[in-house]
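Student: My structure file query.pdb, PDB, C-alpha atoms, is below:
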ATOM      1  CA  MET A   1      35.806 -29.600 -12.121
ATOM      2  CA  GLU A   2      34.584 -26.010 -12.313
ATOM      3  CA  SER A   3      36.956 -23.370 -13.559
ATOM      4  CA  SER A   4      37.893 -20.553 -11.200
ATOM      5  CA  GLY A   5      36.063 -18.181 -13.569
ATOM      6  CA  THR A   6      32.795 -20.109 -13.133
ATOM      7  CA  THR A   7      33.224 -20.261  -9.357
ATOM      8  CA  ARG A   8      33.942 -16.538  -9.224
ATOM      9  CA  ARG A   9      30.878 -15.803 -11.333
ATOM     10  CA  GLN A  10      28.710 -17.926  -9.031
ATOM     11  CA  ALA A  11      30.084 -16.090  -5.988
ATOM     12  CA  THR A  12      29.260 -12.745  -7.650
ATOM     13  CA  ARG A  13      25.748 -13.912  -8.512
ATOM     14  CA  GLN A  14      25.280 -15.081  -4.922
ATOM     15  CA  LYS A  15      26.275 -11.605  -3.681
ATOM     16  CA  LEU A  16      23.848  -9.986  -6.119
ATOM     17  CA  TYR A  17      21.022 -12.336  -5.063
ATOM     18  CA  GLU A  18      21.601 -11.514  -1.394
ATOM     19  CA  ALA A  19      21.719  -7.771  -2.074
ATOM     20  CA  ALA A  20      18.616  -7.879  -4.284
ATOM     21  CA  VAL A  21      16.548  -9.993  -1.913
ATOM     22  CA  THR A  22      17.153  -7.738   1.086
ATOM     23  CA  LEU A  23      16.579  -4.519  -0.848
ATOM     24  CA  ILE A  24      13.436  -5.778  -2.597
ATOM     25  CA  ALA A  25      12.079  -7.127   0.716
ATOM     26  CA  GLU A  26      12.693  -3.677   2.262
ATOM     27  CA  LYS A  27      11.523  -1.420  -0.581
ATOM     28  CA  GLY A  28       9.639  -3.454  -3.153
ATOM     29  CA  PHE A  29      10.739  -4.377  -6.678
ATOM     30  CA  SER A  30       9.876  -1.113  -8.442
ATOM     31  CA  ALA A  31      11.576   1.141  -5.896
ATOM     32  CA  THR A  32      14.819  -0.859  -5.930
ATOM     33  CA  THR A  33      17.377   0.276  -8.501
ATOM     34  CA  VAL A  34      20.215  -1.638 -10.152
ATOM     35  CA  ASP A  35      22.608   0.980  -8.708
ATOM     36  CA  GLU A  36      21.454   0.150  -5.182
ATOM     37  CA  ILE A  37      21.767  -3.594  -5.784
ATOM     38  CA  ALA A  38      25.328  -3.118  -7.092
ATOM     39  CA  GLU A  39      26.233  -0.875  -4.153
ATOM     40  CA  ARG A  40      24.793  -3.282  -1.558
ATOM     41  CA  ALA A  41      26.633  -6.201  -3.204
ATOM     42  CA  GLY A  42      29.861  -4.192  -3.313
ATOM     43  CA  VAL A  43      30.270  -4.514  -7.102
ATOM     44  CA  ALA A  44      30.255  -2.128 -10.066
ATOM     45  CA  LYS A  45      26.935  -1.475 -11.809
ATOM     46  CA  GLY A  46      28.337  -3.023 -14.999
ATOM     47  CA  THR A  47      28.823  -6.303 -13.115
ATOM     48  CA  VAL A  48      25.075  -6.568 -12.614
ATOM     49  CA  TYR A  49      24.465  -6.223 -16.372
ATOM     50  CA  TYR A  50      27.322  -8.608 -17.141
ATOM     51  CA  ASN A  51      25.544 -11.290 -15.098
ATOM     52  CA  PHE A  52      21.898 -10.409 -15.845
ATOM     53  CA  LYS A  53      20.326  -8.631 -18.808
ATOM     54  CA  SER A  54      18.008  -6.594 -16.585
ATOM     55  CA  LYS A  55      16.691  -6.148 -13.067
ATOM     56  CA  THR A  56      13.718  -8.331 -14.064
ATOM     57  CA  GLU A  57      16.001 -11.154 -15.177
ATOM     58  CA  LEU A  58      17.998 -10.859 -11.942
ATOM     59  CA  PHE A  59      14.784 -11.161  -9.944
ATOM     60  CA  GLU A  60      13.569 -14.107 -12.023
ATOM     61  CA  GLU A  61      16.864 -15.940 -11.520
ATOM     62  CA  LEU A  62      16.755 -15.091  -7.814
ATOM     63  CA  LEU A  63      13.338 -16.779  -7.517
ATOM     64  CA  ARG A  64      14.579 -19.793  -9.490
ATOM     65  CA  HIS A  65      17.724 -20.029  -7.362
ATOM     66  CA  GLY A  66      15.918 -19.679  -4.018
ATOM     67  CA  VAL A  67      13.094 -22.116  -4.726
ATOM     68  CA  GLY A  68      15.708 -24.459  -6.248
ATOM     69  CA  LEU A  69      17.564 -24.502  -2.917
ATOM     70  CA  LEU A  70      14.297 -25.216  -1.083
ATOM     71  CA  THR A  71      13.436 -28.068  -3.484
ATOM     72  CA  VAL A  72      16.866 -29.654  -3.025
ATOM     73  CA  SER A  73      16.597 -29.485   0.771
ATOM     74  CA  LEU A  74      13.080 -31.012   0.755
ATOM     75  CA  ARG A  75      14.205 -33.854  -1.521
ATOM     76  CA  ALA A  76      17.320 -34.496   0.605
ATOM     77  CA  ALA A  77      15.191 -34.657   3.795
ATOM     78  CA  ALA A  78      12.830 -37.213   2.225
ATOM     79  CA  GLU A  79      15.721 -39.326   0.926
ATOM     80  CA  GLU A  80      17.593 -39.303   4.247
ATOM     81  CA  SER A  81      14.440 -40.351   6.064
ATOM     82  CA  GLU A  82      13.929 -43.199   3.591
ATOM     83  CA  GLU A  83      17.556 -44.355   3.954
ATOM     84  CA  ARG A  84      17.029 -44.572   7.719
ATOM     85  CA  GLY A  85      14.116 -46.897   7.025
ATOM     86  CA  GLY A  86      11.492 -44.323   8.002
ATOM     87  CA  THR A  87       7.864 -44.355   6.875
ATOM     88  CA  ARG A  88       6.539 -41.974   4.200
ATOM     89  CA  VAL A  89       4.818 -39.955   6.929
ATOM     90  CA  GLU A  90       8.175 -39.651   8.703
ATOM     91  CA  ALA A  91       9.625 -38.423   5.394
ATOM     92  CA  LEU A  92       6.897 -35.726   5.258
ATOM     93  CA  ASP A  93       7.752 -34.809   8.834
ATOM     94  CA  ALA A  94      11.445 -34.480   7.910
ATOM     95  CA  MET A  95      10.444 -32.272   4.968
ATOM     96  CA  ILE A  96       8.459 -29.974   7.290
ATOM     97  CA  ARG A  97      11.572 -29.537   9.413
ATOM     98  CA  ALA A  98      13.752 -28.945   6.330
ATOM     99  CA  GLY A  99      11.262 -26.314   5.114
ATOM    100  CA  LEU A 100      11.368 -24.546   8.501
ATOM    101  CA  ALA A 101      15.178 -24.637   8.530
ATOM    102  CA  PHE A 102      15.265 -23.151   5.010
ATOM    103  CA  ILE A 103      12.905 -20.315   5.974
ATOM    104  CA  ASP A 104      14.847 -19.672   9.170
ATOM    105  CA  ARG A 105      17.968 -19.294   7.030
ATOM    106  CA  TYR A 106      16.393 -17.225   4.233
ATOM    107  CA  PRO A 107      13.545 -15.206   5.810
ATOM    108  CA  ALA A 108      13.748 -12.257   3.374
ATOM    109  CA  PHE A 109      13.628 -14.586   0.379
ATOM    110  CA  THR A 110      10.618 -16.432   1.808
ATOM    111  CA  GLN A 111       8.665 -13.215   2.429
ATOM    112  CA  LEU A 112       9.391 -12.123  -1.105
ATOM    113  CA  TYR A 113       8.392 -15.466  -2.589
ATOM    114  CA  VAL A 114       5.084 -15.593  -0.692
ATOM    115  CA  ALA A 115       4.248 -11.999  -1.639
ATOM    116  CA  GLU A 116       5.048 -12.557  -5.318
ATOM    117  CA  LEU A 117       3.067 -15.784  -5.495
ATOM    118  CA  TRP A 118      -0.202 -13.846  -5.184
ATOM    119  CA  ARG A 119       0.597 -10.990  -7.546
ATOM    120  CA  THR A 120      -0.579 -11.278 -11.099
ATOM    121  CA  ASN A 121       0.668  -9.849 -14.414
ATOM    122  CA  ARG A 122       4.309  -9.858 -13.325
ATOM    123  CA  ALA A 123       6.962 -10.609 -15.953
ATOM    124  CA  TRP A 124       8.152 -13.567 -13.890
ATOM    125  CA  GLN A 125       4.734 -15.120 -13.174
ATOM    126  CA  SER A 126       5.358 -18.156 -15.405
ATOM    127  CA  THR A 127       8.825 -18.766 -13.887
ATOM    128  CA  LEU A 128       7.302 -18.548 -10.427
ATOM    129  CA  LEU A 129       4.616 -21.107 -11.266
ATOM    130  CA  VAL A 130       7.210 -23.510 -12.682
ATOM    131  CA  VAL A 131       9.496 -23.318  -9.633
ATOM    132  CA  ARG A 132       6.540 -23.530  -7.226
ATOM    133  CA  GLN A 133       5.412 -26.690  -8.996
ATOM    134  CA  GLU A 134       8.896 -28.213  -8.696
ATOM    135  CA  ALA A 135       8.892 -27.700  -4.911
ATOM    136  CA  VAL A 136       5.310 -28.946  -4.485
ATOM    137  CA  ALA A 137       6.020 -31.971  -6.739
ATOM    138  CA  VAL A 138       8.587 -33.259  -4.222
ATOM    139  CA  VAL A 139       5.839 -33.360  -1.579
ATOM    140  CA  GLU A 140       3.334 -34.847  -4.056
ATOM    141  CA  ASP A 141       5.725 -37.730  -4.816
ATOM    142  CA  VAL A 142       6.017 -38.687  -1.154
ATOM    143  CA  LEU A 143       2.229 -38.416  -0.664
ATOM    144  CA  ARG A 144       1.669 -40.595  -3.734
ATOM    145  CA  ASP A 145       4.058 -43.232  -2.338
ATOM    146  CA  ALA A 146       2.316 -43.045   1.045
ATOM    147  CA  VAL A 147      -1.085 -43.671  -0.566
ATOM    148  CA  GLY A 148       0.402 -46.482  -2.695
ATOM    149  CA  SER A 149       1.882 -48.209   0.361
ATOM    150  CA  GLY A 150      -1.372 -47.860   2.326
ATOM    151  CA  GLU A 151       0.121 -45.440   4.879
ATOM    152  CA  LEU A 152      -2.321 -42.720   3.883
ATOM    153  CA  SER A 153      -5.928 -42.956   2.773
ATOM    154  CA  GLU A 154      -6.706 -43.178  -0.946
ATOM    155  CA  GLU A 155      -9.283 -40.433  -0.344
ATOM    156  CA  ILE A 156      -6.670 -37.697  -0.084
ATOM    157  CA  ASP A 157      -6.398 -35.180  -2.886
ATOM    158  CA  ILE A 158      -2.658 -35.289  -3.565
ATOM    159  CA  PRO A 159      -2.123 -31.900  -5.316
ATOM    160  CA  LEU A 160      -4.223 -29.998  -2.772
ATOM    161  CA  THR A 161      -2.728 -31.814   0.226
ATOM    162  CA  ALA A 162       0.812 -31.129  -1.038
ATOM    163  CA  ALA A 163      -0.024 -27.440  -1.558
ATOM    164  CA  ALA A 164      -1.623 -27.307   1.907
ATOM    165  CA  LEU A 165       1.474 -28.794   3.564
ATOM    166  CA  VAL A 166       3.814 -26.391   1.767
ATOM    167  CA  GLY A 167       1.473 -23.491   2.586
ATOM    168  CA  MET A 168       1.250 -24.519   6.227
ATOM    169  CA  VAL A 169       5.046 -24.551   6.582
ATOM    170  CA  LEU A 170       5.504 -21.230   4.738
ATOM    171  CA  VAL A 171       2.854 -19.310   6.656
ATOM    172  CA  ALA A 172       3.607 -20.844  10.063
ATOM    173  CA  ALA A 173       7.309 -20.142   9.621
ATOM    174  CA  LEU A 174       6.737 -16.528   8.579
ATOM    175  CA  ASP A 175       4.433 -16.100  11.579
ATOM    176  CA  TRP A 176       7.121 -17.621  13.792
ATOM    177  CA  GLN A 177       9.775 -15.254  12.395
ATOM    178  CA  ALA A 178       7.607 -12.139  12.669
ATOM    179  CA  PHE A 179       5.506 -12.657  15.799
ATOM    180  CA  GLN A 180       6.935 -15.520  17.858
ATOM    181  CA  PRO A 181      10.712 -15.300  17.341
ATOM    182  CA  GLU A 182      11.379 -16.545  20.861
ATOM    183  CA  ARG A 183      10.143 -20.006  19.823
ATOM    184  CA  SER A 184      12.720 -22.626  18.876
ATOM    185  CA  ILE A 185      12.575 -24.500  15.576
ATOM    186  CA  ASP A 186      11.841 -27.656  17.626
ATOM    187  CA  GLU A 187       8.683 -26.091  19.077
ATOM    188  CA  VAL A 188       7.427 -24.941  15.688
ATOM    189  CA  HIS A 189       8.239 -28.306  14.150
ATOM    190  CA  SER A 190       6.414 -30.288  16.850
ATOM    191  CA  ALA A 191       3.291 -28.124  16.487
ATOM    192  CA  LEU A 192       3.205 -28.754  12.724
ATOM    193  CA  SER A 193       4.070 -32.399  13.245
ATOM    194  CA  LEU A 194       0.928 -32.842  15.364
ATOM    195  CA  LEU A 195      -1.106 -31.384  12.502
ATOM    196  CA  LEU A 196       0.525 -33.733  10.028
ATOM    197  CA  HIS A 197      -0.222 -36.741  12.224
ATOM    198  CA  GLY A 198      -3.821 -35.620  12.681
ATOM    199  CA  ARG A 199      -3.531 -35.431  16.464
ATOM    200  CA  VAL A 200      -5.072 -31.994  16.876
ATOM    201  CA  SER A 201      -8.609 -33.286  17.348
ATOM    202  CA  GLY A 202      -7.607 -34.933  20.638
ATOM    203  CA  HIS A 203      -7.965 -38.564  19.629
TER     204      HIS A 203
END
Now, as a test, write the supplied structure out as structure tokens.

Tutor:
Amino acid sequence: MESSGTTRRQATRQKLYEAAVTLIAEKGFSATTVDEIAERAGVAKGTVYYNFKSKTELFEELLRHGVGLLTVSLRAAAEESEERGGTRVEALDAMIRAGLAFIDRYPAFTQLYVAELWRTNRAWQSTLLVVRQEAVAVVEDVLRDAVGSGELSEEIDIPLTAAALVGMVLVAALDWQAFQPERSIDEVHSALSLLLHGRVSGH
């Protein structure tokens, strides 16, 4: 059982994450100040430093927290699919939908994550690589099982295929959010599902 102090601290951190992610998505990391984050979160500046040593640490924990939520939702989708007796490919399909739902819920975080992934020499580069690997590993595990059970060809390159699937969902979802917002999640999911099932070539 968590103490009320712990719960309160988590609620404060959540507020700070939400404030930071929207501000940094709007203005960039360097231009965002701790004062602005505190103001947007509706807390005193000292509260930020009580929870995080610095703006950099806040951002690092934000990345860890956000990608952690994504990883949990991907794993849950795969497990639920398996419990229903679905195939490994159906589990991958469920993970695509879970990824889209996550991005639909946290668009500012996703934009930030994708942008940061390609920047180098950032203080949080190593944290970012670790959390990226945790998310991709969930997809790798299901691909590995699919190859083992004969559902997918042994010729597939598991790390690259997992990265490609995650990349496909991230970029397609950001495109959906920015340029095709009138589309429903079902439409976006079925388009990506066709790609997953290899039906695009018309066979």

Student: Using the chain letters and numbers from this file, what does the PyMOL selection byres ((chain A and resi 189) around 12) select? Give the answer as an mmCIF file with C-alpha atoms, in the frame of the given file.

Tutor:
data_model
loop_
_atom_site.group_PDB
_atom_site.id
_atom_site.type_symbol
_atom_site.label_atom_id
_atom_site.label_comp_id
_atom_site.auth_asym_id
_atom_site.auth_seq_id
_atom_site.Cartn_x
_atom_site.Cartn_y
_atom_site.Cartn_z
ATOM 1 C CA LEU A 92 6.897 -35.726 5.258
ATOM 2 C CA ASP A 93 7.752 -34.809 8.834
ATOM 3 C CA ALA A 94 11.445 -34.480 7.910
ATOM 4 C CA MET A 95 10.444 -32.272 4.968
ATOM 5 C CA ILE A 96 8.459 -29.974 7.290
ATOM 6 C CA ARG A 97 11.572 -29.537 9.413
ATOM 7 C CA ALA A 98 13.752 -28.945 6.330
ATOM 8 C CA GLY A 99 11.262 -26.314 5.114
ATOM 9 C CA LEU A 100 11.368 -24.546 8.501
ATOM 10 C CA ALA A 101 15.178 -24.637 8.530
ATOM 11 C CA ASP A 104 14.847 -19.672 9.170
ATOM 12 C CA MET A 168 1.250 -24.519 6.227
ATOM 13 C CA VAL A 169 5.046 -24.551 6.582
ATOM 14 C CA ALA A 172 3.607 -20.844 10.063
ATOM 15 C CA ALA A 173 7.309 -20.142 9.621
ATOM 16 C CA TRP A 176 7.121 -17.621 13.792
ATOM 17 C CA ARG A 183 10.143 -20.006 19.823
ATOM 18 C CA SER A 184 12.720 -22.626 18.876
ATOM 19 C CA ILE A 185 12.575 -24.500 15.576
ATOM 20 C CA ASP A 186 11.841 -27.656 17.626
ATOM 21 C CA GLU A 187 8.683 -26.091 19.077
ATOM 22 C CA VAL A 188 7.427 -24.941 15.688
ATOM 23 C CA SER A 190 6.414 -30.288 16.850
ATOM 24 C CA ALA A 191 3.291 -28.124 16.487
ATOM 25 C CA LEU A 192 3.205 -28.754 12.724
ATOM 26 C CA SER A 193 4.070 -32.399 13.245
ATOM 27 C CA LEU A 194 0.928 -32.842 15.364
ATOM 28 C CA LEU A 195 -1.106 -31.384 12.502
ATOM 29 C CA LEU A 196 0.525 -33.733 10.028
#

Student: Expand the PyMOL selection byres ((chain A and resi 144) around 12) into the individual residues it matches in the shown file, reporting them as a ChimeraX atom specification.

Tutor: /A:88-89,92,137-143,145-159,161-162

Student: Which one of A:Asn51, A:Thr7, A:Gly198, A:Ala164 sits closest to Val136 (chain A) if you count all atoms listed in the file?

Tutor: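 Smallest separation from Val136 (chain A) among the options: A:Ala164.
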
Student: Between A:Pro181, A:Gly68, A:Pro107, A:Gly85, which is the closest to Arg132 (chain A) once you count all atoms listed in the file?

Tutor: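 Under the stated criterion, the closest residue is A:Gly68.
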
Student: Between A:Ala78, A:Val34, A:Ala135, A:Leu170, which residue has the minimum interatomic distance to Gln111 (chain A), considering all atoms listed in the file?

Tutor: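 Checking each of A:Ala78, A:Val34, A:Ala135, A:Leu170 against Gln111 (chain A), counting all atoms listed in the file, the winner is A:Leu170.
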
Student: What do you get, as an MDAnalysis selection string, if you spell out every residue that the PyMOL selection byres ((chain A and resi 58-64) around 8) selects here?

Tutor: chainID A and resid 17 20:21 52:57 65:68 113 124 127:128 131

Student: I'd like the interatomic distance between CA of Leu74 (chain A) and CA of Arg9 (chain A), to a tenth of an Å.

Tutor: 26.3 Å

Student: Closest to Val114 (chain A) among A:Leu129, A:Ala11, A:Leu160, A:Thr87, using only C-alpha atoms?

Tutor: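 When distances to Val114 (chain A) are compared using only C-alpha atoms, the smallest one comes from A:Leu129.
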
Student: For each of A:Tyr49, A:Arg199, A:Phe102, A:Thr22, take the minimum atom-to-atom distance to Asp35 (chain A), counting only C-alpha atoms, then give the residue where this is smallest.

Tutor: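 Comparing A:Tyr49, A:Arg199, A:Phe102, A:Thr22 against Asp35 (chain A), the winner is A:Tyr49.
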
Student: Give me the residues near Leu23 (chain A) as a ChimeraX atom specification, where near means some atom within 10 Å (using only C-alpha atoms) and where sequence neighbours in that chain fewer than 6 positions away do not count.

Tutor: /A:17,29,31-33,36-37,40,108

Student: What does the distance between CA of Glu26 (chain A) and CA of Ser73 (chain A) come to in Å, to one decimal place?

Tutor: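 Atom-to-atom, CA of Glu26 (chain A) and CA of Ser73 (chain A) are spaced 26.1 Å apart.
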
Student: So, with all atoms listed in the file as the atoms that count, which of A:Gly42, A:Ser30, A:Leu70, A:Arg122 lies closest to Gln14 (chain A)?

Tutor: A:Gly42

Student: What is the CA of Arg119 (chain A) to CA of Val171 (chain A) distance in Å?

Tutor: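 Computing the Euclidean distance for CA of Arg119 (chain A) and CA of Val171 (chain A) yields 16.6 Å.
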
Student: Box for region 168-180 of chain A - axis-aligned, 3 Å on each of the six sides, all listed atoms - centre and size in Å to one decimal, as JSON.

Tutor:
{"center_x": 5.5, "center_y": -18.3, "center_z": 11.3, "size_x": 14.5, "size_y": 18.4, "size_z": 19.1}

Student: As a compact mmCIF listing (two decimals), in the frame of the given file, could you write out region 145-177 of chain A once it has been completed with N, CA and C atoms?

Tutor:
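Generated file (result-v7.txt):
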# COMPACT_ATOMS: atom_id res chain seq x y z
N ASP A 145 3.47 -41.99 -2.85
CA ASP A 145 4.06 -43.23 -2.34
C ASP A 145 3.34 -43.69 -1.07
N ALA A 146 2.98 -42.71 -0.22
CA ALA A 146 2.32 -43.04 1.04
C ALA A 146 0.93 -43.65 0.80
N VAL A 147 0.23 -43.11 -0.21
CA VAL A 147 -1.08 -43.67 -0.57
C VAL A 147 -0.88 -45.06 -1.17
N GLY A 148 0.11 -45.19 -2.04
CA GLY A 148 0.40 -46.48 -2.70
C GLY A 148 0.75 -47.57 -1.70
N SER A 149 1.46 -47.20 -0.62
CA SER A 149 1.88 -48.21 0.36
C SER A 149 0.83 -48.42 1.45
N GLY A 150 -0.30 -47.68 1.35
CA GLY A 150 -1.37 -47.86 2.33
C GLY A 150 -1.17 -47.07 3.62
N GLU A 151 -0.11 -46.25 3.67
CA GLU A 151 0.12 -45.44 4.88
C GLU A 151 -0.91 -44.33 5.01
N LEU A 152 -1.33 -43.79 3.88
CA LEU A 152 -2.32 -42.72 3.88
C LEU A 152 -3.54 -43.16 3.08
N SER A 153 -4.68 -42.59 3.42
CA SER A 153 -5.93 -42.96 2.77
C SER A 153 -5.94 -42.60 1.28
N GLU A 154 -6.58 -43.44 0.49
CA GLU A 154 -6.71 -43.18 -0.95
C GLU A 154 -7.63 -42.00 -1.21
N GLU A 155 -8.34 -41.55 -0.17
CA GLU A 155 -9.28 -40.43 -0.34
C GLU A 155 -8.57 -39.09 -0.46
N ILE A 156 -7.30 -39.03 -0.09
CA ILE A 156 -6.67 -37.70 -0.08
C ILE A 156 -6.46 -37.17 -1.50
N ASP A 157 -6.63 -35.87 -1.62
CA ASP A 157 -6.40 -35.18 -2.89
C ASP A 157 -4.93 -34.78 -2.87
N ILE A 158 -4.11 -35.47 -3.66
CA ILE A 158 -2.66 -35.29 -3.56
C ILE A 158 -2.19 -33.86 -3.89
N PRO A 159 -2.61 -33.26 -5.04
CA PRO A 159 -2.12 -31.90 -5.32
C PRO A 159 -2.52 -30.88 -4.25
N LEU A 160 -3.78 -30.97 -3.78
CA LEU A 160 -4.22 -30.00 -2.77
C LEU A 160 -3.56 -30.23 -1.42
N THR A 161 -3.37 -31.50 -1.06
CA THR A 161 -2.73 -31.81 0.23
C THR A 161 -1.27 -31.35 0.21
N ALA A 162 -0.59 -31.57 -0.92
CA ALA A 162 0.81 -31.13 -1.04
C ALA A 162 0.89 -29.61 -0.91
N ALA A 163 -0.01 -28.91 -1.62
CA ALA A 163 -0.02 -27.44 -1.56
C ALA A 163 -0.34 -26.97 -0.14
N ALA A 164 -1.25 -27.68 0.54
CA ALA A 164 -1.62 -27.31 1.91
C ALA A 164 -0.45 -27.48 2.86
N LEU A 165 0.32 -28.57 2.70
CA LEU A 165 1.47 -28.79 3.56
C LEU A 165 2.54 -27.73 3.34
N VAL A 166 2.82 -27.43 2.08
CA VAL A 166 3.81 -26.39 1.77
C VAL A 166 3.33 -25.05 2.31
N GLY A 167 2.05 -24.75 2.10
CA GLY A 167 1.47 -23.49 2.59
C GLY A 167 1.52 -23.38 4.10
N MET A 168 1.22 -24.50 4.76
CA MET A 168 1.25 -24.52 6.23
C MET A 168 2.66 -24.17 6.74
N VAL A 169 3.67 -24.79 6.14
CA VAL A 169 5.05 -24.55 6.58
C VAL A 169 5.45 -23.10 6.31
N LEU A 170 5.14 -22.61 5.10
CA LEU A 170 5.50 -21.23 4.74
C LEU A 170 4.87 -20.21 5.68
N VAL A 171 3.56 -20.32 5.86
CA VAL A 171 2.85 -19.31 6.66
C VAL A 171 3.20 -19.44 8.14
N ALA A 172 3.26 -20.67 8.64
CA ALA A 172 3.61 -20.84 10.06
C ALA A 172 5.01 -20.34 10.33
N ALA A 173 5.93 -20.59 9.41
CA ALA A 173 7.31 -20.14 9.62
C ALA A 173 7.42 -18.63 9.57
N LEU A 174 6.69 -17.99 8.64
CA LEU A 174 6.74 -16.53 8.58
C LEU A 174 6.12 -15.93 9.85
N ASP A 175 5.07 -16.56 10.34
CA ASP A 175 4.43 -16.10 11.58
C ASP A 175 5.42 -16.24 12.75
N TRP A 176 6.11 -17.36 12.76
CA TRP A 176 7.12 -17.62 13.79
C TRP A 176 8.20 -16.53 13.75
N GLN A 177 8.72 -16.26 12.55
CA GLN A 177 9.78 -15.25 12.40
C GLN A 177 9.30 -13.86 12.84
